[in-house]
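protein36.txt follows (compact mmCIF, C-alpha atoms and all ligand atoms):
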# COMPACT_ATOMS: atom_id res chain seq x y z
CA MET I 1 92.36 114.27 73.63
CA SER I 2 93.88 115.67 76.82
CA VAL I 3 91.65 117.32 79.41
CA ARG I 4 93.10 120.45 81.04
CA ILE I 5 92.41 120.28 84.75
CA GLY I 6 92.38 122.81 87.57
CA LEU I 7 92.75 121.35 91.06
CA ILE I 8 91.69 122.96 94.34
CA GLY I 9 93.42 121.87 97.57
CA VAL I 10 96.93 120.45 97.23
CA GLY I 11 97.09 118.49 100.47
CA MET I 12 97.57 114.74 100.76
CA ILE I 13 95.03 113.48 98.27
CA GLY I 14 95.34 116.55 96.05
CA GLN I 15 99.03 115.85 95.52
CA ASP I 16 98.39 112.14 95.07
CA HIS I 17 95.74 112.85 92.40
CA ILE I 18 98.09 115.29 90.62
CA ARG I 19 100.72 112.53 90.50
CA ARG I 20 98.27 110.03 89.01
CA LEU I 21 96.72 112.55 86.59
CA THR I 22 100.13 113.62 85.26
CA GLN I 23 102.22 110.45 85.60
CA VAL I 24 99.95 107.40 85.68
CA LEU I 25 96.77 108.03 83.69
CA PHE I 26 96.08 108.94 80.08
CA GLY I 27 94.35 112.04 78.78
CA ALA I 28 94.95 114.75 81.39
CA SER I 29 97.19 117.68 82.18
CA VAL I 30 97.02 119.77 85.35
CA VAL I 31 97.26 123.43 84.31
CA ALA I 32 96.29 125.28 87.50
CA VAL I 33 96.20 124.60 91.22
CA THR I 34 95.33 126.56 94.33
CA ASP I 35 95.31 126.16 98.09
CA VAL I 36 94.58 128.41 101.06
CA ASP I 37 98.22 127.65 101.87
CA ALA I 38 99.68 129.70 98.99
CA ASP I 39 103.25 128.51 99.60
CA ARG I 40 102.10 124.93 99.27
CA SER I 41 100.26 125.50 95.99
CA LYS I 42 103.24 127.43 94.58
CA SER I 43 105.65 124.66 95.44
CA VAL I 44 103.30 121.96 94.06
CA ALA I 45 102.78 123.95 90.80
CA GLU I 46 106.54 124.28 90.38
CA GLY I 47 106.81 120.50 90.30
CA VAL I 48 104.26 120.06 87.47
CA ARG I 49 105.12 120.99 83.88
CA GLY I 50 102.78 123.66 82.47
CA CYS I 51 101.04 124.28 85.80
CA ARG I 52 100.61 127.55 87.66
CA ALA I 53 99.35 128.45 91.13
CA LEU I 54 96.31 130.73 91.27
CA GLY I 55 95.05 132.78 94.19
CA SER I 56 91.70 131.08 94.85
CA GLY I 57 89.44 128.20 93.94
CA GLN I 58 87.09 130.58 92.14
CA GLU I 59 89.98 131.78 89.93
CA VAL I 60 90.83 128.19 89.07
CA ILE I 61 87.24 127.42 88.11
CA ARG I 62 86.94 130.58 85.98
CA ALA I 63 90.31 130.19 84.20
CA ASP I 64 89.75 129.97 80.43
CA ASP I 65 92.15 127.07 79.94
CA VAL I 66 90.63 124.98 82.77
CA GLU I 67 88.21 122.51 81.18
CA ALA I 68 87.43 120.40 84.25
CA VAL I 69 87.88 120.81 87.99
CA VAL I 70 89.10 118.47 90.74
CA VAL I 71 88.14 119.45 94.29
CA THR I 72 90.41 118.02 96.99
CA SER I 73 90.10 120.65 99.69
CA TRP I 74 88.47 120.03 103.09
CA GLY I 75 84.91 118.71 103.09
CA GLU I 76 83.23 121.92 104.34
CA THR I 77 84.62 123.81 101.32
CA HIS I 78 83.33 121.42 98.64
CA GLU I 79 79.86 122.92 98.24
CA GLU I 80 81.13 126.36 97.22
CA TYR I 81 83.48 124.96 94.57
CA VAL I 82 81.12 122.35 93.16
CA LEU I 83 78.37 124.98 92.81
CA ALA I 84 80.80 127.35 91.09
CA ALA I 85 81.91 124.61 88.66
CA ILE I 86 78.27 123.82 87.82
CA GLU I 87 77.61 127.54 87.30
CA ALA I 88 80.62 127.69 84.95
CA GLY I 89 79.35 124.60 83.08
CA LYS I 90 82.57 122.65 83.85
CA PRO I 91 82.72 118.98 84.86
CA VAL I 92 83.90 118.52 88.43
CA PHE I 93 85.37 115.54 90.25
CA CYS I 94 84.78 116.20 93.95
CA GLU I 95 86.47 114.13 96.62
CA LYS I 96 84.13 112.65 99.20
CA PRO I 97 82.10 113.82 100.97
CA LEU I 98 80.25 115.76 98.26
CA ALA I 99 79.41 118.14 101.12
CA THR I 100 79.20 117.62 104.85
CA THR I 101 75.40 117.92 105.18
CA GLN I 102 72.44 116.69 103.18
CA ASP I 103 71.13 120.26 102.81
CA ALA I 104 74.36 121.35 101.15
CA CYS I 105 74.25 118.28 98.88
CA LEU I 106 70.66 119.10 97.91
CA ARG I 107 71.74 122.58 96.84
CA ILE I 108 74.25 120.90 94.53
CA VAL I 109 71.63 118.43 93.22
CA ASP I 110 69.20 121.30 92.55
CA ALA I 111 71.83 123.38 90.74
CA GLU I 112 72.92 120.44 88.59
CA VAL I 113 69.36 119.50 87.65
CA ALA I 114 68.56 123.15 86.84
CA GLY I 115 71.67 123.30 84.61
CA GLY I 116 70.39 120.25 82.70
CA ARG I 117 73.78 118.46 82.49
CA GLN I 118 75.34 115.88 84.78
CA LEU I 119 78.67 117.46 85.64
CA VAL I 120 79.57 116.06 89.07
CA GLN I 121 81.35 112.84 90.02
CA VAL I 122 81.96 112.09 93.71
CA GLY I 123 85.17 110.35 94.86
CA PHE I 124 83.62 107.20 96.32
CA MET I 125 86.53 105.12 95.08
CA ARG I 126 85.72 101.88 96.87
CA ARG I 127 83.26 101.12 94.04
CA TYR I 128 86.36 100.81 91.81
CA ASP I 129 88.37 98.55 94.13
CA ALA I 130 88.99 95.06 92.71
CA ALA I 131 88.43 93.34 96.08
CA TYR I 132 85.07 95.06 96.69
CA ARG I 133 84.02 94.41 93.09
CA ALA I 134 84.77 90.70 93.60
CA VAL I 135 82.56 90.67 96.72
CA LYS I 136 79.75 92.43 94.86
CA ALA I 137 79.98 89.97 91.96
CA VAL I 138 79.39 87.07 94.39
CA VAL I 139 76.45 88.88 96.04
CA ASP I 140 74.89 89.81 92.68
CA ASP I 141 75.34 86.28 91.38
CA GLY I 142 73.15 84.94 94.21
CA ALA I 143 75.88 82.45 95.16
CA ILE I 144 75.40 83.04 98.91
CA GLY I 145 71.66 83.65 98.76
CA ALA I 146 69.99 86.89 99.82
CA PRO I 147 72.35 89.08 101.87
CA LEU I 148 71.33 89.34 105.53
CA LEU I 149 74.25 91.05 107.22
CA MET I 150 77.50 92.81 106.45
CA HIS I 151 80.32 93.26 108.97
CA CYS I 152 82.77 96.07 108.19
CA ALA I 153 85.82 97.52 109.90
CA HIS I 154 87.41 100.84 108.97
CA ARG I 155 90.60 101.41 110.91
CA ASN I 156 93.00 104.32 110.52
CA PRO I 157 96.41 104.25 112.21
CA SER I 158 95.89 107.90 113.21
CA VAL I 159 94.14 111.05 112.03
CA PRO I 160 95.36 114.66 111.83
CA PRO I 161 94.78 117.00 114.82
CA GLN I 162 91.92 118.84 113.05
CA PHE I 163 89.93 115.59 112.71
CA THR I 164 86.73 115.75 114.81
CA SER I 165 84.39 113.11 116.25
CA ASP I 166 81.78 114.15 113.65
CA MET I 167 84.32 113.42 110.91
CA ILE I 168 84.48 109.79 112.02
CA ILE I 169 80.96 109.72 110.57
CA ASN I 170 80.89 112.26 107.73
CA ASP I 171 84.46 111.81 106.51
CA ALA I 172 85.29 108.17 107.35
CA ALA I 173 82.02 106.16 107.69
CA ILE I 174 80.70 107.94 104.59
CA HIS I 175 82.75 105.42 102.59
CA GLU I 176 80.86 102.43 104.03
CA ILE I 177 77.58 104.34 103.76
CA ASP I 178 78.10 104.73 100.02
CA LEU I 179 79.59 101.27 99.69
CA VAL I 180 76.56 99.43 101.08
CA ARG I 181 74.11 101.42 98.92
CA TRP I 182 76.18 100.31 95.91
CA MET I 183 76.83 96.76 97.17
CA PHE I 184 73.16 95.95 97.83
CA GLY I 185 71.54 98.34 95.35
CA GLU I 186 69.18 99.77 97.95
CA GLU I 187 68.90 102.67 100.35
CA ILE I 188 69.68 102.91 104.04
CA ALA I 189 66.47 103.14 106.06
CA ALA I 190 67.73 103.81 109.59
CA THR I 191 70.89 104.18 111.64
CA GLN I 192 72.19 103.76 115.16
CA VAL I 193 75.61 104.57 116.59
CA LEU I 194 77.11 102.82 119.61
CA LYS I 195 80.03 104.10 121.65
CA PRO I 196 82.13 101.34 123.21
CA ARG I 197 84.87 101.95 125.76
CA ARG I 198 86.98 104.82 124.48
CA ASN I 199 90.52 104.38 123.18
CA SER I 200 92.66 106.15 125.79
CA LYS I 201 95.11 107.13 123.02
CA SER I 202 92.41 109.12 121.23
CA ALA I 203 90.88 112.49 122.06
CA LEU I 204 87.73 111.59 120.09
CA ASP I 205 84.65 109.38 120.51
CA ASP I 206 86.76 106.56 119.16
CA PRO I 207 85.97 103.82 118.32
CA VAL I 208 82.31 103.90 117.32
CA VAL I 209 80.09 101.22 115.88
CA VAL I 210 77.65 102.36 113.21
CA LEU I 211 74.60 100.22 112.45
CA LEU I 212 72.93 100.70 109.08
CA GLU I 213 69.52 99.15 108.46
CA MET I 214 69.00 98.63 104.76
CA ALA I 215 65.54 99.02 103.18
CA SER I 216 65.34 95.22 102.76
CA GLY I 217 66.04 94.69 106.47
CA ALA I 218 69.66 93.57 105.92
CA LEU I 219 71.82 94.96 108.73
CA VAL I 220 75.34 96.38 108.39
CA ASP I 221 77.69 96.98 111.30
CA VAL I 222 80.76 99.17 110.84
CA GLU I 223 83.52 99.48 113.41
CA LEU I 224 85.35 102.79 113.02
CA SER I 225 88.64 103.17 114.84
CA VAL I 226 90.72 106.16 113.86
CA ASN I 227 93.72 105.79 116.16
CA ILE I 228 94.40 102.08 115.96
CA GLY I 229 98.14 102.57 115.51
CA TYR I 230 99.08 99.35 113.72
CA GLY I 231 98.09 100.32 110.15
CA TYR I 232 95.22 101.07 107.77
CA ASP I 233 92.89 98.11 107.86
CA ILE I 234 89.67 97.86 105.86
CA ARG I 235 87.50 94.77 106.27
CA GLY I 236 84.19 93.53 105.04
CA GLU I 237 82.19 90.32 105.08
CA VAL I 238 78.71 89.74 103.72
CA VAL I 239 76.62 87.01 105.34
CA GLY I 240 73.99 85.55 103.06
CA GLU I 241 71.27 82.93 103.51
CA SER I 242 73.58 80.11 102.48
CA GLY I 243 77.16 81.39 102.60
CA THR I 244 79.49 84.30 103.22
CA VAL I 245 81.88 86.35 101.13
CA ALA I 246 84.74 88.34 102.61
CA LEU I 247 86.88 91.14 101.26
CA ALA I 248 90.35 89.90 100.30
CA GLU I 249 93.33 91.70 101.78
CA THR I 250 95.17 92.96 98.73
CA GLY I 251 98.84 93.24 97.88
CA ASP I 252 100.15 91.35 100.87
CA ALA I 253 103.19 89.07 100.80
CA ARG I 254 102.97 86.33 103.43
CA VAL I 255 106.21 86.04 105.35
CA LYS I 256 107.25 83.12 107.60
CA ARG I 257 110.34 83.61 109.71
CA GLU I 258 111.62 82.90 113.18
CA GLY I 259 108.59 80.81 114.01
CA LEU I 260 106.09 83.52 112.98
CA ARG I 261 103.76 84.04 110.02
CA SER I 262 103.12 87.68 109.04
CA HIS I 263 101.82 89.79 106.25
CA ARG I 264 101.88 93.48 105.52
CA VAL I 265 99.17 95.92 106.61
CA ALA I 266 98.81 99.05 104.42
CA VAL I 267 100.11 102.24 106.02
CA ASP I 268 97.28 104.39 104.74
CA TRP I 269 94.49 104.77 102.17
CA ARG I 270 96.95 105.84 99.46
CA GLU I 271 98.55 102.41 99.59
CA ARG I 272 95.40 100.33 100.11
CA PHE I 273 93.27 101.99 97.42
CA SER I 274 95.98 103.16 95.01
CA ARG I 275 94.68 101.14 92.07
CA ALA I 276 91.03 102.02 92.82
CA TYR I 277 91.85 105.75 92.59
CA ASP I 278 93.62 105.11 89.26
CA VAL I 279 90.62 103.30 87.78
CA GLU I 280 88.17 105.86 89.17
CA LEU I 281 89.95 108.88 87.69
CA GLN I 282 90.76 107.15 84.38
CA GLU I 283 87.05 106.36 83.94
CA TRP I 284 86.25 109.98 84.76
CA LEU I 285 88.73 111.23 82.13
CA ASP I 286 87.47 108.75 79.55
CA ALA I 287 83.90 109.91 80.13
CA LEU I 288 84.94 113.56 79.81
CA SER I 289 86.68 112.85 76.52
CA ALA I 290 83.57 111.07 75.28
CA GLY I 291 81.37 113.96 76.43
CA THR I 292 79.47 111.74 78.88
CA SER I 293 79.38 111.29 82.65
CA THR I 294 79.97 108.27 84.84
CA GLY I 295 80.46 107.14 88.42
CA PRO I 296 78.87 108.15 91.72
CA SER I 297 76.70 111.21 91.13
CA SER I 298 75.54 114.19 93.16
CA TRP I 299 72.52 112.08 94.02
CA ASP I 300 74.80 109.44 95.55
CA GLY I 301 76.61 112.21 97.44
CA TYR I 302 73.25 113.44 98.75
CA ALA I 303 71.93 109.99 99.71
CA ALA I 304 75.17 109.26 101.58
CA ALA I 305 75.02 112.61 103.38
CA ALA I 306 71.40 111.97 104.41
CA ALA I 307 72.53 108.73 106.07
CA SER I 308 75.57 110.38 107.66
CA ASP I 309 73.36 113.20 109.04
CA ALA I 310 71.14 110.47 110.52
CA CYS I 311 74.19 108.79 112.08
CA LEU I 312 75.28 112.08 113.64
CA GLU I 313 71.79 112.55 115.05
CA ALA I 314 71.87 108.99 116.38
CA LEU I 315 75.29 109.64 117.93
CA ARG I 316 73.89 112.68 119.75
CA THR I 317 70.64 111.11 120.94
CA GLY I 318 71.80 107.54 121.46
CA GLY I 319 68.65 106.41 119.62
CA ARG I 320 67.62 104.98 116.26
CA THR I 321 67.26 107.58 113.50
CA THR I 322 65.40 107.00 110.26
CA VAL I 323 66.71 108.24 106.93
CA SER I 324 64.30 109.89 104.54
CA LEU I 325 65.29 110.86 101.04
CA ARG I 326 63.69 113.21 98.60
CA GLU I 327 62.23 111.51 95.50
CA ARG I 328 65.03 110.75 93.07
CA PRO I 329 64.80 112.92 89.93
CA ASP I 330 64.74 111.09 86.56
CA PHE I 331 67.90 113.05 85.79
CA TYR I 332 69.85 110.61 88.03
CA MET I 333 68.19 107.40 86.85
CA LYS I 334 70.82 106.33 84.33
CA ALA I 335 72.65 103.08 85.15
CA GLN I 336 76.09 103.58 86.75
P1 LIG K 401 94.61 117.69 103.60
O1 LIG K 401 94.39 118.50 104.83
O2 LIG K 401 95.86 116.89 103.48
O3 LIG K 401 94.51 118.60 102.31
C1 LIG K 401 93.49 119.54 102.11
C2 LIG K 401 94.09 120.75 101.45
O4 LIG K 401 93.05 121.66 101.12
C3 LIG K 401 95.07 121.50 102.37
O5 LIG K 401 96.28 121.75 101.68
C4 LIG K 401 94.32 122.79 102.72
O6 LIG K 401 95.17 123.89 102.95
C5 LIG K 401 93.47 122.96 101.46
N1 LIG K 401 92.29 123.79 101.63
C6 LIG K 401 91.45 123.82 102.69
N2 LIG K 401 90.45 124.69 102.47
C7 LIG K 401 90.65 125.20 101.22
C8 LIG K 401 89.96 126.13 100.42
N3 LIG K 401 88.83 126.73 100.85
N4 LIG K 401 90.44 126.40 99.20
C9 LIG K 401 91.57 125.83 98.76
N5 LIG K 401 92.27 124.94 99.48
C10 LIG K 401 91.83 124.63 100.70
O7 LIG K 401 93.34 116.74 103.48
P2 LIG K 401 93.17 115.44 102.58
O8 LIG K 401 93.37 114.23 103.42
O9 LIG K 401 93.94 115.57 101.33
O10 LIG K 401 91.58 115.48 102.30
C11 LIG K 401 91.03 116.38 101.38
C12 LIG K 401 89.67 115.86 100.93
O11 LIG K 401 89.83 114.60 100.29
C13 LIG K 401 88.66 115.62 102.06
O12 LIG K 401 87.37 115.90 101.58
C14 LIG K 401 88.80 114.14 102.35
O13 LIG K 401 87.65 113.56 102.89
C15 LIG K 401 89.08 113.61 100.95
N6 LIG K 401 89.85 112.37 100.97
C16 LIG K 401 89.38 111.30 100.27
C17 LIG K 401 90.04 110.11 100.32
C18 LIG K 401 89.48 108.93 99.63
O14 LIG K 401 89.82 107.82 100.02
N7 LIG K 401 88.64 109.07 98.62
C19 LIG K 401 91.30 109.95 101.06
C20 LIG K 401 91.71 111.15 101.72
C21 LIG K 401 91.03 112.32 101.67
C1 LIG K 402 90.09 109.80 104.65
O1 LIG K 402 89.67 111.12 104.40
C2 LIG K 402 89.64 108.91 103.57
O2 LIG K 402 88.80 109.21 102.77
C3 LIG K 402 90.09 107.53 103.70
O3 LIG K 402 89.74 106.76 102.58
C4 LIG K 402 89.39 107.02 104.92
O4 LIG K 402 89.68 105.66 105.13
C5 LIG K 402 89.80 107.83 106.13
O5 LIG K 402 89.10 107.34 107.24
C6 LIG K 402 89.44 109.29 105.91
O6 LIG K 402 89.87 110.04 107.00

Go ahead and express the file in the form of structure tokens.
Amino acid sequence: MSVRIGLIGVGMIGQDHIRRLTQVLFGASVVAVTDVDADRSKSVAEGVRGCRALGSGQEVIRADDVEAVVVTSWGETHEEYVLAAIEAGKPVFCEKPLATTQDACLRIVDAEVAGGRQLVQVGFMRRYDAAYRAVKAVVDDGAIGAPLLMHCAHRNPSVPPQFTSDMIINDAAIHEIDLVRWMFGEEIAATQVLKPRRNSKSALDDPVVVLLEMASGALVDVELSVNIGYGYDIRGEVVGESGTVALAETGDARVKREGLRSHRVAVDWRERFSRAYDVELQEWLDALSAGTSTGPSSWDGYAAAAASDACLEALRTGGRTTVSLRERPDFYMKAQ
């Protein structure tokens, strides 16, 4: 069975997801796209067999032949489209963040619960990355004892001009926020954000160090640098009671020449997480075909946004901010 998809927002990741949905994965066709940049959506639609450009996200969601929706527009626009997809009773894959605030995420959670069907999957693709899965397997196995600390680095070579200091938290750090909830199977209890000396090449509060206190007391530090220049570099190391486990750097060829050893650094997230996006969207398609749901849910999107709101508050006040979550509805209790 092939799922007919409508996609909203044909920018970088939108185009990359169209390529994988139509050329890499099984069981999907992209039949409609839209973008606030109408020329861009027209030119993207022209490159995809059987696809047309529509005038708005709402038109895409309402189109009779669109069975499922992919939202890859800017974060602040996600809420409107996810709510409309739920209203239309259509499954929706929404790129992270589910929405940029916890209040907006709660409106999505409430609408989904009221509709009685789990329709939303959030694009937290690191859960599908082979290197992160290998780290989690070691942690879950107990091989390094109880986890005490995790050190993470999230470095972008550069970010577009519209990227704000808040987005370092709610667009970039949101990945680690979700990742550690998944890695340790527990919630984040409190956050702090530290601002070291600023990168003179950046117009933002950049870098920042985010501290996440897990409910168990384990502590996670995340360095976020969004104008590091040299490449896209994602790191992680868990320190346990009796050992450590570090994220492998994937896909690198080690070169030795002219007295130097070197290996490649990914240019961006498309290269580093290419396979993770493939697995993530294939599992989504497979679940749709089976009439089930899978993957990070609206609840995960909400819990991550609650922690990112707390980080933003901590960034503003310079203090420690606790994270409090609403009670999790039974609706979201199924194992992921
Ligand atoms: P982008 O700026 O390259 O593309 C966004 C597109 O959405 C643009 O073409 C823009 O014109 C369009 N757009 C904006 N508002 C719209 C609206 N109301 N209706 C229709 N189209 C609209 O941005 P990018 O990097 O592709 O990011 C898009 C989303 O994907 C963001 O939420 C971002 O956080 C997420 N993302 C996720 C990644 C991941 O690793 N999972 C990687 C990169 C982006
Ligand atoms: C971007 O939107 C992504 O989601 C990438 O995965 C992330 O590493 C980057 O920092 C974000 O800007």

Between I:Thr322, I:Asp300, I:Gln15, I:Gly291, which one has atoms that come closest to I:Leu179, using only C-alpha atoms?
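Smallest separation from I:Leu179 among the options: I:Asp300.
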
How would you write, as number ranges by chain, the set of residues no farther than 6 Å from ligand LIG 401 (chain K) when counting only C-alpha atoms and all ligand atoms?
I: 8-14, 34-37, 57, 72-75, 77, 95-97, 123-125, 171, 269

When you look at I:Leu119 with a cut-off of 9 Å (counting only C-alpha atoms), what residues show up, excluding the ones that are within fewer than 2 positions of it in the same chain? I need them as a PyMOL selection string.
chain I and resi 85-86+89-93+112+117+121+292-293+297-298

Tell me which residues come within 9 Å of (79.7, 103.0, 104.5), as number ranges by chain, counting all atoms listed in the file in the file's coordinates.
I: 152, 172-181, 210, 212, 220, 222, 304

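For the choices I:Leu281, I:Leu106, I:Ile168, I:Val226, the atom-to-atom distance to I:Pro329 is smallest for I:Leu106 when using all atoms listed in the file.
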
Provide the atom CA of I:Ala99 to atom CA of I:Gln118 distance in Å, to one decimal place.
17.0 Å

Restricting the calculation to only C-alpha atoms and all ligand atoms: of I:Ala153, I:Ala131, I:Val31, I:Ile61, which residue gets closest to ligand LIG 402 (chain K)?
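Among I:Ala153, I:Ala131, I:Val31, I:Ile61, it is I:Ala153 that comes nearest to ligand LIG 402 (chain K).
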
Compile the contact shell of I:Val159 as a list in words: residues with an atom at most 9 Å away, counting only C-alpha atoms, same-chain residues fewer than 3 positions apart removed.
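Contacts, in chain order: Asn156, Gln162, Phe163, Val226 and Asn227 of chain I.
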
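Distances here use only C-alpha atoms; by that measure, the residue among I:Val113, I:Val239, I:Val48, I:Val279 closest to I:Gly145 is I:Val239.
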
Counting all atoms listed in the file, figure out which residue out of I:Glu187, I:Asp252, I:Glu241, I:Asp166 gets nearest to ligand LIG 402 (chain K).
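Looking at the shortest contact to ligand LIG 402 (chain K), the residue is I:Asp166.
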
Atom CA of I:Gln282 to atom CA of I:Phe26, distance in Å rounded to a single decimal:
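Spanning atom CA of I:Gln282 to atom CA of I:Phe26 is a straight-line distance of 7.1 Å.
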
Which residues come within 10 Å of I:Ile18, counting all atoms listed in the file, excluding same-chain residues fewer than 3 positions away, as an MDAnalysis selection string?
chainID I and resid 5:7 10 13:15 21:24 28:30 33 44:45 48 70

Requested write-out: C-alpha atoms of the selected residues, as a short mmCIF file (atom, residue, chain, number, x, y, z; two decimals), in the coordinates of the input:
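Output below, filename result_18.cif:
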data_model
loop_
_atom_site.label_atom_id
_atom_site.label_comp_id
_atom_site.auth_asym_id
_atom_site.auth_seq_id
_atom_site.Cartn_x
_atom_site.Cartn_y
_atom_site.Cartn_z
CA ILE I 5 92.41 120.28 84.75
CA GLY I 6 92.38 122.81 87.57
CA LEU I 7 92.75 121.35 91.06
CA VAL I 10 96.93 120.45 97.23
CA ILE I 13 95.03 113.48 98.27
CA GLY I 14 95.34 116.55 96.05
CA GLN I 15 99.03 115.85 95.52
CA LEU I 21 96.72 112.55 86.59
CA THR I 22 100.13 113.62 85.26
CA GLN I 23 102.22 110.45 85.60
CA VAL I 24 99.95 107.40 85.68
CA ALA I 28 94.95 114.75 81.39
CA SER I 29 97.19 117.68 82.18
CA VAL I 30 97.02 119.77 85.35
CA VAL I 33 96.20 124.60 91.22
CA VAL I 44 103.30 121.96 94.06
CA ALA I 45 102.78 123.95 90.80
CA VAL I 48 104.26 120.06 87.47
CA VAL I 70 89.10 118.47 90.74
#

Could you check the closest approach to I:Lys136 for each of I:Glu258, I:Asp330, I:Glu80, I:Glu237 and tell me which residue wins, using all atoms listed in the file?
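Ranking I:Glu258, I:Asp330, I:Glu80, I:Glu237 by distance to I:Lys136, first place goes to I:Glu237.
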
Taking all atoms of ligand LIG 402 (chain K) that the file lists and extending 4 Å past them on each side, where is the centre of the axis-aligned box and how long are its edges? Answer in Å to one decimal, as lines of an AutoDock Vina configuration file.
center_x = 89.4
center_y = 108.4
center_z = 104.9
size_x = 9.3
size_y = 13.5
size_z = 12.7

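Counting from atom CA of I:Glu186, the distance to atom CA of I:Val238 is 15.0 Å.
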
Taking 6 positions as the minimum chain separation for residues in the same chain, which residues sit within 8 Å of I:Leu98 when counting only C-alpha atoms? Answer as an mmCIF file with C-alpha atoms, in the coordinates of the input.
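Wrote it out as selection-v4.cif, contents follow:
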data_model
loop_
_atom_site.group_PDB
_atom_site.id
_atom_site.type_symbol
_atom_site.label_atom_id
_atom_site.label_comp_id
_atom_site.auth_asym_id
_atom_site.auth_seq_id
_atom_site.Cartn_x
_atom_site.Cartn_y
_atom_site.Cartn_z
ATOM 1 C CA GLY I 75 84.910 118.710 103.090
ATOM 2 C CA HIS I 78 83.330 121.420 98.640
ATOM 3 C CA GLU I 79 79.860 122.920 98.240
ATOM 4 C CA CYS I 105 74.250 118.280 98.880
ATOM 5 C CA VAL I 122 81.960 112.090 93.710
ATOM 6 C CA SER I 298 75.540 114.190 93.160
ATOM 7 C CA GLY I 301 76.610 112.210 97.440
ATOM 8 C CA TYR I 302 73.250 113.440 98.750
ATOM 9 C CA ALA I 305 75.020 112.610 103.380
#

Select all residues near (65.1, 108.7, 114.3) (cut-off 12 Å, inclusive, file coordinates), counting all atoms listed in the file, and output them as number ranges by chain.
I: 189-193, 307, 309-324

Residues near I:Ser225, anyone? I mean within 6 Å using all atoms listed in the file, not counting same-chain ones fewer than 2 positions away, as a ChimeraX atom specification.
/I:155,206-207,227-228
